Structure formats: C-alpha cells, structure tokens
>>> print(open('target.txt').read())   # compact mmCIF, C-alpha atoms
# COMPACT_ATOMS: atom_id res chain seq x y z
CA LEU Z 1 113.01 82.60 89.80
CA LEU Z 2 112.41 83.41 86.14
CA LEU Z 3 115.70 81.77 85.18
CA LEU Z 4 114.76 78.58 87.04
CA MET Z 5 111.29 78.55 85.46
CA ALA Z 6 112.73 79.09 81.97
CA TYR Z 7 115.26 76.29 82.50
CA LEU Z 8 112.65 73.75 83.66
CA ALA Z 9 110.19 74.78 80.94
CA ALA Z 10 112.91 74.29 78.32
CA ILE Z 11 113.63 70.79 79.65
CA LEU Z 12 109.95 69.87 79.45
CA ILE Z 13 109.65 71.19 75.89
CA ILE Z 14 112.81 69.44 74.68
CA ASP Z 15 111.65 66.23 76.37
CA GLY Z 16 108.28 66.44 74.59
CA ALA Z 17 106.46 66.28 77.93
CA ALA Z 18 102.77 65.48 78.09
CA LEU Z 19 100.20 67.90 79.55
CA PRO Z 20 100.15 66.40 83.11
CA ARG Z 21 103.85 67.20 83.50
CA PHE Z 22 103.24 70.81 82.47
CA ASN Z 23 100.40 70.91 84.99
CA ARG Z 24 102.83 69.93 87.76
CA PHE Z 25 105.24 72.58 86.51
CA SER Z 26 102.42 75.13 86.73
CA ILE Z 27 101.57 74.08 90.30
CA ALA Z 28 105.23 74.39 91.30
CA PHE Z 29 105.62 77.95 90.06
CA ASP Z 30 102.20 79.64 89.87
CA ALA Z 31 102.24 80.36 93.60
CA LYS Z 32 105.78 81.70 93.50
CA MET Z 33 104.71 84.28 90.91
CA LEU Z 34 102.72 85.93 93.70
CA LEU Z 35 106.06 87.01 95.15
CA PRO Z 36 106.45 89.85 92.59
CA VAL Z 37 102.70 90.57 92.85
CA GLY Z 38 102.99 91.23 96.58
CA PHE Z 39 106.20 93.18 95.98
CA ILE Z 40 104.58 95.52 93.45
CA LEU Z 41 101.21 96.05 95.15
CA THR Z 42 102.42 96.71 98.71
CA SER Z 43 103.88 100.06 99.73
CA THR Z 44 102.30 100.96 103.09
CA PHE Z 45 101.41 99.37 106.41
CA GLU Z 46 97.77 99.81 105.46
CA ASP Z 47 98.33 97.44 102.53
CA ILE Z 48 99.70 94.87 104.99
CA ARG Z 49 96.60 95.32 107.18
CA LYS Z 50 94.35 94.67 104.18
CA LEU Z 51 96.28 91.48 103.56
CA HIS Z 52 95.79 90.52 107.22
CA LYS Z 53 92.03 90.79 106.81
CA ILE Z 54 92.19 88.47 103.80
CA LEU Z 55 94.28 85.96 105.77
CA ILE Z 56 91.82 86.01 108.68
CA VAL Z 57 88.97 85.21 106.29
CA THR Z 58 91.12 82.49 104.70
CA ASN Z 59 91.79 80.95 108.11
CA ILE Z 60 88.09 80.94 109.00
CA LEU Z 61 87.23 79.31 105.67
CA PHE Z 62 89.97 76.71 106.23
CA ILE Z 63 88.54 75.79 109.66
CA CYS Z 64 84.95 75.69 108.41
CA SER Z 65 85.95 73.56 105.41
CA ILE Z 66 87.70 70.90 107.52
CA LEU Z 67 84.81 70.81 110.01
CA ALA Z 68 82.26 70.49 107.20
CA PHE Z 69 84.25 67.80 105.37
CA SER Z 70 84.61 65.75 108.56
CA ALA Z 71 80.96 66.17 109.56
CA LEU Z 72 79.67 65.22 106.11
CA GLY Z 73 82.29 62.54 105.44
CA ILE Z 74 83.52 64.26 102.30
CA GLY Z 75 86.86 63.08 101.01
CA THR Z 76 89.09 60.32 102.32
CA ASN Z 77 91.53 59.78 105.12
CA VAL Z 78 94.89 58.80 103.63
CA TYR Z 79 95.71 56.77 106.75
CA GLY Z 80 92.45 54.80 106.61
CA GLY Z 81 90.79 53.94 109.91
CA THR Z 82 87.51 55.16 111.33
CA SER Z 83 88.55 58.45 112.92
CA GLY Z 84 86.06 60.48 110.88
CA PHE Z 85 88.71 63.13 110.18
CA LYS Z 86 88.32 64.10 106.51
CA VAL Z 87 90.03 66.85 104.56
CA GLY Z 88 87.72 66.88 101.55
CA TYR Z 89 89.51 68.04 98.45
CA PHE Z 90 92.57 69.17 100.38
CA THR Z 91 95.49 66.81 100.30
CA PHE Z 92 97.35 66.23 103.54
CA SER Z 93 100.20 68.34 102.14
CA ALA Z 94 97.82 71.20 101.37
CA ILE Z 95 96.95 71.28 105.06
CA TYR Z 96 100.29 73.06 105.52
CA ILE Z 97 98.26 76.18 104.79
CA GLY Z 98 97.20 76.05 108.44
CA SER Z 99 100.84 76.03 109.55
CA PHE Z 100 101.68 79.25 107.74
CA LEU Z 101 98.47 80.95 108.86
CA ILE Z 102 99.54 80.28 112.47
CA ILE Z 103 103.09 81.49 111.77
CA ILE Z 104 101.75 84.83 110.48
CA LEU Z 105 99.26 85.11 113.36
CA PRO Z 106 101.62 86.84 115.90
CA ASN Z 107 102.03 89.73 113.47
CA ILE Z 108 98.26 89.97 113.01
CA VAL Z 109 97.66 89.89 116.78
CA ALA Z 110 100.32 92.56 117.40
CA ASP Z 111 98.68 94.81 114.81
CA THR Z 112 95.18 94.33 116.30
CA ASN Z 113 93.63 96.61 118.92
CA GLY Z 114 91.23 95.34 121.55
CA LYS Z 115 91.55 92.43 123.98
CA TRP Z 116 88.50 90.59 122.64
CA LYS Z 117 89.77 90.76 119.07
CA LYS Z 118 93.14 89.41 120.21
CA PHE Z 119 91.37 86.65 122.15
CA LEU Z 120 89.33 85.63 119.11
CA LEU Z 121 92.46 85.53 116.96
CA LEU Z 122 94.22 83.31 119.52
CA ALA Z 123 91.16 81.03 119.66
CA MET Z 124 91.24 80.78 115.88
CA GLY Z 125 94.92 79.86 116.06
CA CYS Z 126 94.23 77.15 118.66
CA VAL Z 127 91.52 75.55 116.51
CA THR Z 128 93.81 75.66 113.47
CA PHE Z 129 96.60 74.00 115.46
CA ILE Z 130 94.20 71.26 116.64
CA ILE Z 131 93.39 70.54 112.98
CA LEU Z 132 97.10 70.21 112.26
CA VAL Z 133 97.54 67.83 115.19
CA LEU Z 134 94.57 65.73 114.04
CA SER Z 135 96.12 65.44 110.60
CA VAL Z 136 99.01 63.56 112.28
CA ARG Z 137 101.38 65.33 109.92
CA ARG Z 138 104.59 65.82 111.85
CA THR Z 139 105.84 68.31 109.29
CA SER Z 140 102.82 70.60 109.71
CA VAL Z 141 103.39 70.81 113.47
CA ALA Z 142 107.18 71.16 113.02
CA LEU Z 143 106.64 74.13 110.69
CA VAL Z 144 104.57 75.91 113.35
CA LEU Z 145 107.14 75.28 116.09
CA MET Z 146 109.95 76.40 113.80
CA GLY Z 147 108.20 79.62 112.76
CA LEU Z 148 107.05 80.55 116.25
CA GLY Z 149 110.55 79.73 117.50
CA VAL Z 150 111.84 82.60 115.36
CA PHE Z 151 109.46 84.97 117.19
CA VAL Z 152 110.54 83.62 120.59
CA PHE Z 153 114.20 84.12 119.72
CA GLN Z 154 113.68 87.63 118.32
CA TYR Z 155 111.56 88.75 121.31
CA ARG Z 156 113.41 86.81 124.01
CA ASN Z 157 113.65 90.01 126.07
CA HIS Z 158 109.84 89.91 126.39
CA ILE Z 159 109.72 86.34 127.62
CA SER Z 160 107.05 87.05 130.25
CA LYS Z 161 104.61 88.29 127.59
CA ILE Z 162 105.44 85.33 125.34
CA ALA Z 163 104.88 82.97 128.28
CA GLY Z 164 101.45 84.53 128.84
CA TYR Z 165 100.39 83.87 125.24
CA ALA Z 166 101.83 80.34 125.40
CA ILE Z 167 99.96 79.52 128.62
CA ALA Z 168 96.72 80.83 127.13
CA ALA Z 169 97.23 78.69 124.01
CA VAL Z 170 98.06 75.53 125.99
CA LEU Z 171 95.08 76.12 128.27
CA GLY Z 172 92.83 76.36 125.22
CA LEU Z 173 94.20 73.10 123.81
CA VAL Z 174 93.68 71.35 127.16
CA LEU Z 175 90.13 72.62 127.61
CA LEU Z 176 89.19 71.48 124.11
CA PHE Z 177 90.98 68.11 124.39
CA PRO Z 178 87.84 66.10 125.31
CA LEU Z 179 86.31 67.22 122.01
CA TYR Z 180 89.07 65.83 119.84
CA GLN Z 181 90.83 63.14 121.88
CA ASP Z 182 88.97 60.19 120.32
CA THR Z 183 89.70 61.42 116.80
CA LEU Z 184 93.35 62.01 117.66
CA PHE Z 185 93.86 58.52 119.12
CA LYS Z 186 92.19 56.90 116.10
CA GLN Z 187 94.34 58.94 113.74
CA MET Z 188 97.48 57.86 115.55
CA GLU Z 189 96.40 54.22 115.41
CA SER Z 190 95.70 54.53 111.69
CA ARG Z 191 99.20 55.76 111.04
CA ALA Z 192 100.67 52.57 112.42
CA ARG Z 193 103.50 52.47 109.93
CA ILE Z 194 104.90 55.65 111.46
CA PHE Z 195 104.01 55.06 115.10
CA GLY Z 196 105.09 51.68 116.46
CA LYS Z 197 103.04 49.59 118.83
CA SER Z 198 104.56 51.41 121.80
CA GLY Z 199 104.00 54.79 120.19
CA ALA Z 200 107.70 55.30 119.48
CA LEU Z 201 108.83 56.43 116.05
CA VAL Z 202 110.24 53.81 113.76
CA ARG Z 203 113.82 54.14 112.56
CA VAL Z 204 114.33 56.83 109.95
CA GLU Z 205 115.74 54.28 107.48
CA ASP Z 206 112.25 52.80 107.19
CA GLU Z 207 110.76 56.09 106.04
CA MET Z 208 109.91 56.25 102.35
CA ARG Z 209 111.40 59.73 102.03
CA TRP Z 210 114.78 58.52 103.25
CA ILE Z 211 114.63 55.49 100.98
CA GLU Z 212 113.77 57.59 97.93
CA THR Z 213 116.62 59.98 98.72
CA GLN Z 214 119.12 57.14 98.86
CA ALA Z 215 117.77 55.73 95.60
CA VAL Z 216 117.81 59.00 93.64
CA TRP Z 217 121.21 60.20 94.79
CA SER Z 218 122.92 56.84 94.44
CA GLU Z 219 121.56 56.50 90.90
CA ARG Z 220 122.50 60.02 89.85
CA ILE Z 221 125.82 60.49 91.65
CA GLY Z 222 126.87 56.86 91.22
CA GLY Z 223 125.94 56.77 87.56
CA HIS Z 224 128.33 57.29 84.67
CA ASP Z 225 126.19 59.69 82.62
CA PHE Z 226 127.44 63.23 83.27
CA THR Z 227 124.70 64.81 81.13
CA THR Z 228 121.96 63.11 83.15
CA LEU Z 229 123.66 64.15 86.39
CA MET Z 230 123.70 67.80 85.32
CA LEU Z 231 120.39 68.01 83.40
CA GLY Z 232 118.34 65.06 84.71
CA ASP Z 233 115.58 63.33 82.78
CA HIS Z 234 111.81 62.68 83.01
CA LEU Z 235 111.07 65.90 84.92
CA PHE Z 236 107.83 65.63 86.97
CA ASP Z 237 107.45 62.02 85.83
CA SER Z 238 108.94 59.81 88.53
CA VAL Z 239 106.10 57.33 89.17
CA GLY Z 240 107.36 53.77 88.86
CA ARG Z 241 110.95 54.78 88.09
CA TYR Z 242 112.15 53.76 91.55
CA SER Z 243 109.84 50.79 92.06
CA ARG Z 244 112.82 48.68 93.17
CA TYR Z 245 113.01 50.80 96.31
CA VAL Z 246 109.55 52.29 96.98
CA ASP Z 247 105.92 51.59 96.09
CA ARG Z 248 105.40 51.34 92.34
CA ASP Z 249 102.74 54.06 92.20
CA ARG Z 250 104.54 56.45 94.55
CA PRO Z 251 106.06 59.59 92.98
CA LEU Z 252 109.08 61.32 94.45
CA HIS Z 253 108.08 63.55 97.36
CA LEU Z 254 111.10 65.64 98.35
CA ASP Z 255 111.72 68.80 96.37
CA PHE Z 256 115.45 68.30 95.91
CA ASN Z 257 114.88 64.69 94.81
CA ILE Z 258 112.30 65.82 92.24
CA LEU Z 259 114.70 68.43 90.85
CA LEU Z 260 117.79 66.20 90.85
CA HIS Z 261 115.89 63.37 89.14
CA GLY Z 262 114.16 65.53 86.54
CA ALA Z 263 116.50 68.48 85.95
CA GLY Z 264 119.85 67.59 87.49
CA LEU Z 265 122.36 69.50 89.57
CA MET Z 266 121.76 72.61 87.47
CA ALA Z 267 118.19 72.85 88.77
CA LEU Z 268 119.35 72.32 92.36
CA PHE Z 269 121.84 75.17 91.95
CA LEU Z 270 119.17 77.53 90.58
CA TRP Z 271 116.73 76.47 93.32
CA ALA Z 272 119.32 77.23 96.03
CA LEU Z 273 120.12 80.53 94.31
CA PHE Z 274 116.42 81.49 94.41
CA TYR Z 275 116.20 81.04 98.18
CA PHE Z 276 119.56 82.77 98.68
CA ARG Z 277 118.20 85.75 96.75
CA LEU Z 278 115.17 85.87 99.04
CA PHE Z 279 117.51 86.24 102.02
CA HIS Z 280 119.88 88.60 100.23
CA GLN Z 281 117.15 90.82 98.75
CA PHE Z 282 115.60 91.34 102.17
CA VAL Z 283 118.95 92.27 103.73
CA ARG Z 284 119.34 94.87 100.98
CA GLN Z 285 115.87 96.34 101.53
CA ARG Z 286 115.73 96.44 105.33
CA LEU Z 287 116.43 99.70 107.16
CA PRO Z 288 117.38 100.83 110.67
CA LEU Z 289 114.33 100.12 112.82
CA GLN Z 290 112.14 103.16 113.39
CA ILE Z 291 108.83 101.71 114.63
CA PRO Z 292 107.86 98.40 116.33
CA GLN Z 293 105.92 97.19 113.28
CA GLU Z 294 109.14 97.01 111.29
CA LYS Z 295 110.78 94.62 113.76
CA MET Z 296 107.65 92.46 113.73
CA LEU Z 297 107.64 92.31 109.92
CA ILE Z 298 111.33 91.41 109.82
CA THR Z 299 110.68 88.59 112.29
CA THR Z 300 107.65 87.39 110.31
CA TYR Z 301 109.67 87.37 107.10
CA PHE Z 302 112.24 84.96 108.51
CA ALA Z 303 109.56 83.00 110.40
CA ILE Z 304 108.01 82.21 106.99
CA LEU Z 305 111.20 81.80 104.97
CA ILE Z 306 113.08 79.45 107.30
CA PRO Z 307 110.25 76.84 107.42
CA HIS Z 308 110.02 77.13 103.63
CA VAL Z 309 113.66 76.14 103.31
CA PHE Z 310 112.95 73.24 105.68
CA LEU Z 311 110.11 72.07 103.39
CA VAL Z 312 112.65 71.51 100.62
CA PHE Z 313 113.73 68.52 102.70
CA SER Z 314 110.15 67.35 103.32
CA GLY Z 315 108.27 68.10 100.13
CA GLY Z 316 106.07 71.09 99.34
CA MET Z 317 106.95 72.31 95.87
CA LEU Z 318 103.94 70.61 94.25
CA THR Z 319 101.40 72.00 96.73
CA LEU Z 320 99.63 75.19 95.75
CA THR Z 321 97.67 76.42 98.78
CA PHE Z 322 100.24 77.36 101.41
CA ASN Z 323 102.73 78.55 98.77
CA LEU Z 324 100.15 81.10 97.58
CA ILE Z 325 99.89 82.66 101.04
CA SER Z 326 103.53 82.53 102.04
CA PHE Z 327 105.03 83.91 98.82
CA LEU Z 328 102.41 86.65 98.59
CA TYR Z 329 103.23 87.69 102.16
CA LEU Z 330 106.99 87.55 101.59
CA GLY Z 331 106.59 89.73 98.51
CA ALA Z 332 104.40 92.18 100.43
CA ILE Z 333 107.04 92.61 103.15
CA LEU Z 334 109.76 93.12 100.55
CA GLY Z 335 107.60 95.67 98.73
CA LEU Z 336 106.89 97.63 101.91
CA PHE Z 337 110.56 97.85 102.88
CA ARG Z 338 111.52 98.74 99.31
CA HIS Z 339 109.05 101.64 99.37
CA ARG Z 340 110.19 102.87 102.79
CA ARG Z 341 113.82 102.75 101.67
CA GLN Z 342 112.95 104.83 98.62
CA GLN Z 343 111.18 107.35 100.84
CA MET Z 344 114.18 107.65 103.15
CA GLU Z 345 116.63 107.95 100.28
CA SER Z 346 114.45 110.60 98.65
CA ALA Z 347 114.24 112.58 101.90
CA SER Z 348 118.00 112.26 102.34
CA GLU Z 349 118.67 113.51 98.80
CA LYS Z 350 116.37 116.51 99.37
CA SER Z 351 118.22 117.36 102.57
CA LYS Z 352 121.59 117.10 100.84
CA GLY Z 353 120.33 119.24 97.96
CA PHE Z 354 119.04 121.90 100.36
CA ILE Z 355 122.43 122.03 102.13
CA ARG Z 356 124.30 122.28 98.81
CA ASN Z 357 122.07 125.17 97.75
CA LEU Z 358 122.73 126.99 100.99
CA LYS Z 359 126.48 126.56 100.61
CA GLY Z 360 126.48 127.58 96.96
CA ASN Z 361 124.44 130.76 97.56
CA GLY Z 362 126.28 131.83 100.69
CA GLY Z 363 123.26 130.85 102.68
CA TRP Z 364 125.27 129.70 105.67
CA ALA Z 365 126.85 133.13 106.02
CA ARG Z 366 123.46 134.86 105.84
CA VAL Z 367 121.97 132.48 108.35
CA SER Z 368 124.87 132.84 110.77
CA GLY Z 369 124.92 136.63 110.32
CA SER Z 370 121.21 136.85 111.00
CA ALA Z 371 121.62 134.73 114.11
CA SER Z 372 124.48 136.89 115.44
CA GLN Z 373 122.45 140.07 114.95
CA GLN Z 374 119.64 138.56 116.96
>>> encode(input="target.txt", output="structure tokens")
Amino acid sequence: LLLLMAYLAAILIIDGAALPRFNRFSIAFDAKMLLPVGFILTSTFEDIRKLHKILIVTNILFICSILAFSALGIGTNVYGGTSGFKVGYFTFSAIYIGSFLIIILPNIVADTNGKWKKFLLLAMGCVTFIILVLSVRRTSVALVLMGLGVFVFQYRNHISKIAGYAIAAVLGLVLLFPLYQDTLFKQMESRARIFGKSGALVRVEDEMRWIETQAVWSERIGGHDFTTLMLGDHLFDSVGRYSRYVDRDRPLHLDFNILLHGAGLMALFLWALFYFRLFHQFVRQRLPLQIPQEKMLITTYFAILIPHVFLVFSGGMLTLTFNLISFLYLGAILGLFRHRRQQMESASEKSKGFIRNLKGNGGWARVSGSASQQ
C-alpha cells in the first residue's frame, strides 16, 4: 500500500499537479490507511465488539440521514424525476456504505445475545437494504448479494437457519413495500437510460463504463508511447480527455481505468499486488479454528474483501465513506488473528522450553520413577 501511495504521489509531484488532484489522491488512500490502524488497535474479541457498537450507531445515523434528507428535500436526485428520494450530501457512490454495513451484519447478529436485539438488528438491515434498492444502484445491491453469498456458501450445512433469516428478511421487505413502492417506481422511471421502456436492461455496450473502458484501453494499449503505457499521464485529471466517446464533463469512473490512464500499467500491477497481499496476509495469520467466532470472522473477512475486488470493475476508489468502514474492519480482523497467533506460538514455545528443561535435568527419569513408586 505504501509503495503504491509513494508511486502515485511521485507522479503527481513530477507532473506539477494542482491541489484538486492531490485531494482526489487523499480520498483514494486516506480510508485505506485505516487498515493498519485496525490492525494495530485490535487484539481481542472485545475490541471487535466495540467496533460492532460503532457500526450499529453508524448504520442508525445512515438511515436517519437518508430519511431526513428525503423528508426535507435536501440534496438532489442524480436521476432527476419527482420521486422525493434525496441523499443530501452523500453521493450515490457513497451510499455503498449501506452495502458493507449489511455485509458485516451477520457477524454482529451472531455475536449478539437476545432475540429482541437480533430482531432489531435484522429490522435495521431491512431498512438499510430498502434504501439501497431505492437508490436504484445495481452495484450497491450486487455487493450485498455477493457478500451474503459468501456467508451462505461457508455455512451451507446450516441452510435451514439461513433460510429462516432469509424468510424473515423477505417478509419484512414485503410488509414495508406499500411504504416505498411509489418512490421505487418513480426512481426506476427516472433512470430511463438504464431501464428500457419494457423494464429490460439496455445492452452493455451502451453503458458509459463499458465505453470508457474501450476508449482508455484502446488509446493506451494501441498507442505507440511505451512510457505513457507504463507510467500514464494526467493522474486524477480525466475530465474532457475522452469527450469523443463519453460526456465532456464526465470523469473516468472505473478504478482500473483511472489508474491505467493516470499512472499506467505500473500502477495496475501495484494495485493488484495490494489486494493479493490482503488475501495472502490473512492466510498467513489465520489459525486452526478453535471457537465459532473465528469461523465467522474468517467468513466476514472474505465477504468484505471479495466485493471490494468487484468494485475495482465498477468504481469505488474515489469514495471515502464505505472504504473507511471496510478497511478498518479488515485491519481489525487481521490484528485479532495476528495477536491470537502470537499467543499460540508463545504458549507453544513455553511448552517446548519446559520439555527441554525436563530432559536436560533428568526430569523425565524422576517423574517416571516417582510414578512407578506410587
């Protein structure tokens, strides 16, 4: 991570970048610096529980904010229309925070005692999911399904219990449907460029993200400038540079397009290496399962990380909110398993040292002789 940050910072300095480009750089990496923060500060399950309490409060504030913005008409709706659904000072990408709060929710529910507390947490999750649906952001819903799919796969031997939670969640969505159906239908109508007249999705070639990908890669790979291919140019400054293909004022959205355009194949390699290290580091830290909480944390780790990798192909690097939560939680899980590994290795070394002392001092003979006399 530090190597990637240093590389991109060096490109911006050499390029004489203006302050707005450094601001985008800061947004891209400030949240990821919470990964080592969570790693250092977390050593026990009690630390994880404290983090859960913070996330519950965050989720409640997220719900209250969206409800207040919509009720007071604060902010705009990027799809236009008269649905009344407003996100205030969130952007529609920042609403991904709700997706990751839902992904972490199974771990919070499993670590909570009391049926009513579990019920309230599930109700909170249902309301959060409704907000994601009303945003008409396919990616936000896909992230939830992807993350929860990891839990279903990992706990497939408990399918009856999973089915019970799923039925309860669906029942909650159905019961609340009259409250949000009008807003949902208006939102879907407003996003007419994505949903055709019959409600079917338009061809993927018509999507701006696919068009920008074709434009960036054809220009970089098909070009004759090897230096630009490897190091890029105009990092975090793509507005208007592909106006032949997309809207003039539209910046690049996809993470790998942003990096290839601005910092070349070298940045893509370092970005891929960063996510590989997140997988590899966890494999190094994990231990043989001793208690159920460990299996749940392992599942949660991959339920967060896999959707994050997916977001590279959708665009999320320049969004601060959900990255803050997810990287802090990933770091916390890594820190907990690091600490537990150190405890086990320390206990193992003490046991080996005790055995060596017994052998060196003839302790085994004394112990066996004492036992035979008894």
>>> closest_atom_pairs(input="target.txt", of="segment 24-63 of chain Z", to="segment 120-138 of chain Z", cutoff="12 Å", atoms="only C-alpha atoms", output="CSV")
residue,atom,partner,partner_atom,distance
Z:His52,CA,Z:Leu121,CA,11.4
Z:Lys53,CA,Z:Leu121,CA,11.4
Z:Leu55,CA,Z:Leu121,CA,11.3
Z:Ile56,CA,Z:Leu121,CA,8.3
Z:Val57,CA,Z:Met124,CA,10.8
Z:Thr58,CA,Z:Met124,CA,11.3
Z:Asn59,CA,Z:Met124,CA,7.8
Z:Ile60,CA,Z:Met124,CA,7.6
Z:Leu61,CA,Z:Thr128,CA,10.8
Z:Phe62,CA,Z:Thr128,CA,8.3
Z:Ile63,CA,Z:Thr128,CA,6.5
>>> closest_residue(input="target.txt", among="Z:Leu8, Z:Ile298, Z:Leu179, Z:Ile13", to="Leu336 of chain Z", atoms="all atoms listed in the file")
Z:Ile298
>>> closest_residue(input="target.txt", among="Z:Trp116, Z:Tyr155, Z:Phe22, Z:Trp217", to="Met296 of chain Z", atoms="all atoms listed in the file")
Z:Tyr155
>>> residues_near_point(input="target.txt", point="(110.4, 100.2, 100.4)", cutoff="12 Å", atoms="all atoms listed in the file", output="number ranges by chain")
Z: 39-45, 281-282, 284-287, 294, 331-346
>>> closest_residue(input="target.txt", among="Z:Phe327, Z:Tyr301, Z:Trp271, Z:Tyr7", to="Leu148 of chain Z", atoms="only C-alpha atoms")
Z:Tyr301
>>> closest_residue(input="target.txt", among="Z:Phe279, Z:Phe226, Z:Phe236, Z:Phe313", to="Met266 of chain Z", atoms="only C-alpha atoms")
Z:Phe226
>>> closest_residue(input="target.txt", among="Z:His261, Z:His253, Z:Arg220, Z:Lys50", to="Leu318 of chain Z", atoms="only C-alpha atoms")
Z:His253
>>> atom_distance(input="target.txt", atom1="atom CA of Ser99 of chain Z", atom2="atom CA of Leu324 of chain Z")
13.0 Å
>>> closest_residue(input="target.txt", among="Z:Gly73, Z:Gly147, Z:Gly38, Z:Pro20", to="Leu305 of chain Z", atoms="all atoms listed in the file")
Z:Gly147
>>> atom_distance(input="target.txt", atom1="atom CA of Leu273 of chain Z", atom2="atom CA of Leu4 of chain Z")
9.2 Å
>>> atom_distance(input="target.txt", atom1="atom CA of Pro251 of chain Z", atom2="atom CA of Ile306 of chain Z")
25.5 Å
>>> residues_around(input="target.txt", residues="Ile103 of chain Z", least_positions_apart="6", cutoff="9 Å", atoms="all atoms listed in the file", output="count of residues only")
9
